[in-house]
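The block underneath contains the structure these notes are about, expressed in structure tokens.
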Number of protein chains: 4
Amino acid sequence: MKIHTTEEIVRYHETDKMGIAHHSVFLAWLEIGRTGLMRAAGHSYRKIEKDGAMLPVIEYSCRLIGNVGYEDCVTIETWIGELKSRTIKFEYRVLNDGRLIAEGWTKHLCVGEDYKYKRIPEHIADALKEYVKE
Amino acid sequence: MKIHTTEEIVRYHETDKMGIAHHSVFLAWLEIGRTGLMRAAGHSYRKIEKDGAMLPVIEYSCRLIGNVGYEDCVTIETWIGELKSRTIKFEYRVLNDGRLIAEGWTKHLCVGEDYKYKRIPEHIADALKEYVKE
Amino acid sequence: MKIHTTEEIVRYHETDKMGIAHHSVFLAWLEIGRTGLMRAAGHSYRKIEKDGAMLPVIEYSCRLIGNVGYEDCVTIETWIGELKSRTIKFEYRVLNDGRLIAEGWTKHLCVGEDYKYKRIPEHIADALKEYVKE
Amino acid sequence: MKIHTTEEIVRYHETDKMGIAHHSVFLAWLEIGRTGLMRAAGHSYRKIEKDGAMLPVIEYSCRLIGNVGYEDCVTIETWIGELKSRTIKFEYRVLNDGRLIAEGWTKHLCVGEDYKYKRIPEHIADALKEYVKE
């Protein structure tokens, strides 16, 4: 399978009084990871939404193994753990300088503009296939 | 004039590595102040938007005089500096335990769902009048 | 067991272009829930940190069942799923108007100012006991 | 004078129910702009803080001229409006695809770890000089 890789720098406002990136910031990085994967697969999430399909998060989980501080660079690795007709599960690893910082996953449900379930459009599912874990 | 007063507790994720609330958090508090004022005046901003008028921020300014830390209580005082047919300027003071922490203002333009300028609906302007600075 | 209950209003900046509270905002609410529980138990988290113990999040999970929008009121119910000598697991339910919106949990590790593991101070563990799930 | 330029992509959680980037997000971009300028001048803000000088924001102002939406690219231009012995004023322009979106400035005071005023260290002031507006 292919793994999508993207990098972000820790912003000042993302740190907290402990001096490290707040645990909620990891969700922003996972979002950057999966939307980067979609863009790399030829279907930006902006375009997907414009075409009438939304992929809201219905569940997420994250395990924090290490810390990162201000101006550290994080590498977000993203792939797809499961691709079904109406749901998709992204999996992630966050690293800093080769050191594993966090592991996580997010589950998404495909809905239309009426917020009713719908199948993930076929051309999008096709484009995502090479990122699916064997 | 009437002044609207509301209170908020500093959240952990709102602090930064300096150990104090990040300067951008004050904008969240000003937003809570002015939407609280509108609700107290009988027109919640949610209802105003549902009725087809939006009041996006077109300019803001904030002067920070003191710091607040985690779990500190901030008091936000809000009133209206200027109320015109299509714009409105809110003014604010943020206090902690009687001590002035920040002063600021935000300017808003009334637009419709098409993002074109429109007059602030009369019944809303009327309800806001008692908060306008003499 | 006792359950701690607290309420928050959805802020404008917490919504996203889908028109609902972004999934990362739930972590802010869980944080407000557990720090409210600690305060109710007689030990504010600010005080706990001042006394040299920190409880960083080491894992979290959240399942979103419904949506909330701007100015909706969320009720956060918090209790303790597991209390060990050096770790603590908080569990949460988030409701809107009696309707279940989300369920989640967070795991925390007790560390000292040197970021090394330490036992949760006994007087704090004692005070939290009545919130532990049987 | 030199102008520092950096680019950022609008994140999903940075949009609000109006469908555009929330006005508070501009402060995050200005922060990225000025810390990018400092890094380009040879003194990362992380290093400056480690060396015992902090530059907290004491005042800010921003005028919003246009909107940006999800996945839009913003260009942040940063230069220095005023450089005094103990204060510094950064000025900014935010553009999207050549179109001016916002103009703003932030004022900073140099303080030590004891939060008392101090002179901006000379080697830092020297390095910043080429970014000062004539």
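Ligands are numbered from 1 in the order shown, chains are lettered A, B, ... in the order of the structure tokens, and residues start at 1 in each chain.
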
When the cut-off is 12 Å and we count only C-alpha atoms, which residues of chain A are near chain D, given as a ChimeraX atom specification? /A:8-14,19,24-25,27-36,39,44-47,49-50,56,69-72

Dump of C-alpha atoms for the selected residues, as an mmCIF file, in the first residue's frame:
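New file selection.cif:
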```cif
data_model
loop_
_atom_site.group_PDB
_atom_site.id
_atom_site.type_symbol
_atom_site.label_atom_id
_atom_site.label_comp_id
_atom_site.auth_asym_id
_atom_site.auth_seq_id
_atom_site.Cartn_x
_atom_site.Cartn_y
_atom_site.Cartn_z
ATOM 1 C CA GLU A 8 3.716 20.525 9.887
ATOM 2 C CA ILE A 9 5.488 22.870 12.286
ATOM 3 C CA VAL A 10 4.086 23.210 15.829
ATOM 4 C CA ARG A 11 2.509 26.664 16.206
ATOM 5 C CA TYR A 12 2.925 28.732 19.358
ATOM 6 C CA HIS A 13 -0.792 28.816 20.179
ATOM 7 C CA GLU A 14 -0.865 25.018 19.896
ATOM 8 C CA GLY A 19 5.132 23.679 27.310
ATOM 9 C CA SER A 24 -6.275 18.143 20.903
ATOM 10 C CA VAL A 25 -3.845 19.515 18.301
ATOM 11 C CA LEU A 27 -6.672 15.919 15.637
ATOM 12 C CA ALA A 28 -5.750 18.938 13.496
ATOM 13 C CA TRP A 29 -2.669 17.068 12.273
ATOM 14 C CA LEU A 30 -4.639 13.906 11.499
ATOM 15 C CA GLU A 31 -7.065 16.073 9.496
ATOM 16 C CA ILE A 32 -4.160 17.560 7.567
ATOM 17 C CA GLY A 33 -2.854 14.037 6.969
ATOM 18 C CA ARG A 34 -6.054 12.557 5.554
ATOM 19 C CA THR A 35 -6.988 15.583 3.450
ATOM 20 C CA GLY A 36 -3.438 15.560 2.107
ATOM 21 C CA ARG A 39 -5.524 15.545 -2.523
ATOM 22 C CA SER A 44 -9.310 17.227 -2.721
ATOM 23 C CA TYR A 45 -11.798 17.118 0.136
ATOM 24 C CA ARG A 46 -12.974 20.597 -0.867
ATOM 25 C CA LYS A 47 -13.919 19.198 -4.270
ATOM 26 C CA GLU A 49 -17.763 18.365 -0.579
ATOM 27 C CA LYS A 50 -18.591 20.592 -3.547
ATOM 28 C CA PRO A 56 -17.786 13.651 8.895
ATOM 29 C CA GLY A 69 7.182 21.437 21.545
ATOM 30 C CA TYR A 70 7.042 24.785 19.790
ATOM 31 C CA GLU A 71 8.628 24.907 16.308
ATOM 32 C CA ASP A 72 9.194 21.141 16.292
#
```

Going by DSSP on the backbone, which residues of chain B come out as strand (DSSP E or B)? List them as a ChimeraX atom specification. /B:4-9,15,21,54,57-64,73-83,87-96,99-109,111,117,132

Residues from the last selection, N, CA and C atoms, saved as a short mmCIF file (atom, residue, chain, number, x, y, z; two decimals), in the first residue's frame:
```cif
data_model
loop_
_atom_site.label_atom_id
_atom_site.label_comp_id
_atom_site.auth_asym_id
_atom_site.auth_seq_id
_atom_site.Cartn_x
_atom_site.Cartn_y
_atom_site.Cartn_z
N HIS B 4 -23.32 44.94 29.08
CA HIS B 4 -23.58 43.52 29.28
C HIS B 4 -22.35 42.88 29.92
N THR B 5 -22.57 42.03 30.90
CA THR B 5 -21.46 41.39 31.60
C THR B 5 -21.60 39.88 31.55
N THR B 6 -20.51 39.21 31.22
CA THR B 6 -20.56 37.75 31.22
C THR B 6 -19.22 37.23 31.74
N GLU B 7 -19.20 35.98 32.19
CA GLU B 7 -17.97 35.43 32.77
C GLU B 7 -17.58 34.13 32.08
N GLU B 8 -16.30 33.90 31.98
CA GLU B 8 -15.76 32.67 31.41
C GLU B 8 -14.55 32.23 32.24
N ILE B 9 -14.32 30.92 32.27
CA ILE B 9 -13.15 30.37 32.96
C ILE B 9 -12.10 30.03 31.90
N THR B 15 -4.25 28.15 27.23
CA THR B 15 -2.94 28.64 27.69
C THR B 15 -1.89 28.24 26.66
N ALA B 21 -3.03 32.71 29.11
CA ALA B 21 -3.95 32.62 27.97
C ALA B 21 -3.32 33.29 26.75
N MET B 54 -26.25 38.42 8.60
CA MET B 54 -25.01 38.00 9.25
C MET B 54 -24.23 39.26 9.59
N VAL B 57 -17.16 40.02 11.26
CA VAL B 57 -16.17 40.97 11.77
C VAL B 57 -15.38 41.52 10.58
N ILE B 58 -15.26 42.84 10.46
CA ILE B 58 -14.45 43.40 9.38
C ILE B 58 -13.18 44.08 9.91
N GLU B 59 -13.12 44.28 11.22
CA GLU B 59 -11.90 44.85 11.81
C GLU B 59 -11.95 44.61 13.31
N TYR B 60 -10.77 44.39 13.89
CA TYR B 60 -10.72 44.24 15.34
C TYR B 60 -9.41 44.74 15.89
N SER B 61 -9.44 45.07 17.16
CA SER B 61 -8.25 45.58 17.81
C SER B 61 -8.33 45.21 19.28
N CYS B 62 -7.19 44.90 19.87
CA CYS B 62 -7.19 44.50 21.27
C CYS B 62 -5.87 44.91 21.90
N ARG B 63 -5.95 45.52 23.09
CA ARG B 63 -4.77 45.93 23.83
C ARG B 63 -4.72 45.11 25.10
N LEU B 64 -3.61 44.42 25.31
CA LEU B 64 -3.49 43.52 26.47
C LEU B 64 -2.73 44.24 27.57
N CYS B 73 -10.88 33.36 36.26
CA CYS B 73 -12.19 33.78 35.76
C CYS B 73 -12.05 35.15 35.10
N VAL B 74 -12.52 35.27 33.86
CA VAL B 74 -12.50 36.58 33.21
C VAL B 74 -13.94 37.11 33.11
N THR B 75 -14.06 38.40 33.36
CA THR B 75 -15.35 39.09 33.21
C THR B 75 -15.26 39.92 31.94
N ILE B 76 -16.22 39.74 31.05
CA ILE B 76 -16.22 40.49 29.80
C ILE B 76 -17.36 41.50 29.84
N GLU B 77 -17.01 42.79 29.76
CA GLU B 77 -18.00 43.86 29.71
C GLU B 77 -18.15 44.30 28.25
N THR B 78 -19.36 44.35 27.75
CA THR B 78 -19.59 44.68 26.34
C THR B 78 -20.65 45.76 26.21
N TRP B 79 -20.38 46.72 25.34
CA TRP B 79 -21.37 47.72 24.99
C TRP B 79 -21.18 48.08 23.53
N ILE B 80 -21.99 48.99 23.02
CA ILE B 80 -21.90 49.34 21.60
C ILE B 80 -21.33 50.75 21.44
N GLY B 81 -20.24 50.85 20.69
CA GLY B 81 -19.58 52.14 20.51
C GLY B 81 -20.25 52.96 19.42
N GLU B 82 -20.81 52.28 18.43
CA GLU B 82 -21.41 52.97 17.29
C GLU B 82 -22.39 52.03 16.61
N LEU B 83 -23.58 52.55 16.33
CA LEU B 83 -24.60 51.74 15.66
C LEU B 83 -25.10 52.54 14.46
N THR B 87 -23.46 49.14 9.79
CA THR B 87 -22.30 48.68 10.57
C THR B 87 -22.56 48.85 12.06
N ILE B 88 -21.81 48.10 12.82
CA ILE B 88 -21.94 48.16 14.28
C ILE B 88 -20.55 47.95 14.87
N LYS B 89 -20.24 48.73 15.91
CA LYS B 89 -18.95 48.59 16.57
C LYS B 89 -19.19 48.23 18.04
N PHE B 90 -18.71 47.08 18.43
CA PHE B 90 -18.80 46.67 19.82
C PHE B 90 -17.51 47.06 20.53
N GLU B 91 -17.63 47.45 21.78
CA GLU B 91 -16.45 47.76 22.59
C GLU B 91 -16.44 46.86 23.83
N TYR B 92 -15.25 46.57 24.33
CA TYR B 92 -15.13 45.56 25.39
C TYR B 92 -14.06 45.94 26.41
N ARG B 93 -14.28 45.49 27.60
CA ARG B 93 -13.25 45.45 28.63
C ARG B 93 -13.24 44.04 29.21
N VAL B 94 -12.04 43.51 29.41
CA VAL B 94 -11.92 42.17 30.02
C VAL B 94 -11.22 42.35 31.36
N LEU B 95 -11.84 41.81 32.41
CA LEU B 95 -11.28 41.97 33.76
C LEU B 95 -11.06 40.62 34.41
N ASN B 96 -10.13 40.61 35.37
CA ASN B 96 -9.93 39.42 36.19
C ASN B 96 -9.88 39.89 37.63
N ARG B 99 -9.44 43.56 38.12
CA ARG B 99 -8.23 44.10 37.50
C ARG B 99 -8.42 44.09 35.98
N LEU B 100 -8.16 45.25 35.32
CA LEU B 100 -8.34 45.34 33.86
C LEU B 100 -7.24 44.55 33.15
N ILE B 101 -7.66 43.63 32.29
CA ILE B 101 -6.73 42.74 31.59
C ILE B 101 -6.57 43.15 30.13
N ALA B 102 -7.68 43.60 29.54
CA ALA B 102 -7.63 43.94 28.11
C ALA B 102 -8.78 44.87 27.74
N GLU B 103 -8.55 45.66 26.71
CA GLU B 103 -9.57 46.51 26.12
C GLU B 103 -9.57 46.23 24.62
N GLY B 104 -10.74 46.23 24.01
CA GLY B 104 -10.76 45.96 22.59
C GLY B 104 -12.05 46.42 21.93
N TRP B 105 -12.08 46.31 20.62
CA TRP B 105 -13.31 46.59 19.87
C TRP B 105 -13.33 45.73 18.61
N THR B 106 -14.53 45.54 18.10
CA THR B 106 -14.72 44.81 16.84
C THR B 106 -15.74 45.57 16.01
N LYS B 107 -15.48 45.66 14.70
CA LYS B 107 -16.42 46.31 13.78
C LYS B 107 -17.07 45.23 12.91
N HIS B 108 -18.35 45.36 12.68
CA HIS B 108 -19.12 44.36 11.94
C HIS B 108 -19.92 45.04 10.84
N LEU B 109 -20.06 44.30 9.78
CA LEU B 109 -20.85 44.78 8.64
C LEU B 109 -22.04 43.84 8.50
N VAL B 111 -24.54 41.79 6.42
CA VAL B 111 -24.69 41.26 5.06
C VAL B 111 -25.81 40.22 5.06
N TYR B 117 -24.13 43.77 1.21
CA TYR B 117 -24.49 44.66 2.32
C TYR B 117 -26.00 44.74 2.46
N VAL B 132 -26.01 51.38 23.44
CA VAL B 132 -25.15 52.30 22.69
C VAL B 132 -24.61 53.40 23.61
#
```

Between CA of Lys84 (chain B) and CA of Lys129 (chain B), what is the spacing in Å?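 Calculated distance between CA of Lys129 (chain B) and CA of Lys84 (chain B) is 10.7 Å.
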
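CA of Lys2 (chain C) sits 15.8 Å away from CA of His43 (chain C).
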
So which bits of chain C end up alpha helix (DSSP H) when you DSSP the backbone, as a PyMOL selection string? chain C and resi 25-40+45-50+122-128

Need to verify the contact set: Met1 (chain B), 6 Å, only C-alpha atoms, exclusion of same-chain residues closer than 5 positions in sequence. Can you return it as a PDB file with C-alpha atoms, in the first residue's frame?
```pdb
ATOM      1  CA  GLU B 130     -29.974  50.839  25.066  1.00  0.00           C
ATOM      2  CA  TYR B 131     -26.443  49.429  24.873  1.00  0.00           C
ATOM      3  CA  VAL B 132     -25.150  52.300  22.693  1.00  0.00           C
ATOM      4  CA  LYS B 133     -22.601  54.634  24.284  1.00  0.00           C
TER       5      LYS B 133
END
```

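Pairwise distance (CA of Glu122 (chain A), CA of Asp16 (chain D)) equals 29.3 Å.
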
Distance criterion (only C-alpha atoms): nearest to Pro121 (chain D) out of D:Asn67, D:Arg86, D:Lys17, D:Ile3: D:Arg86
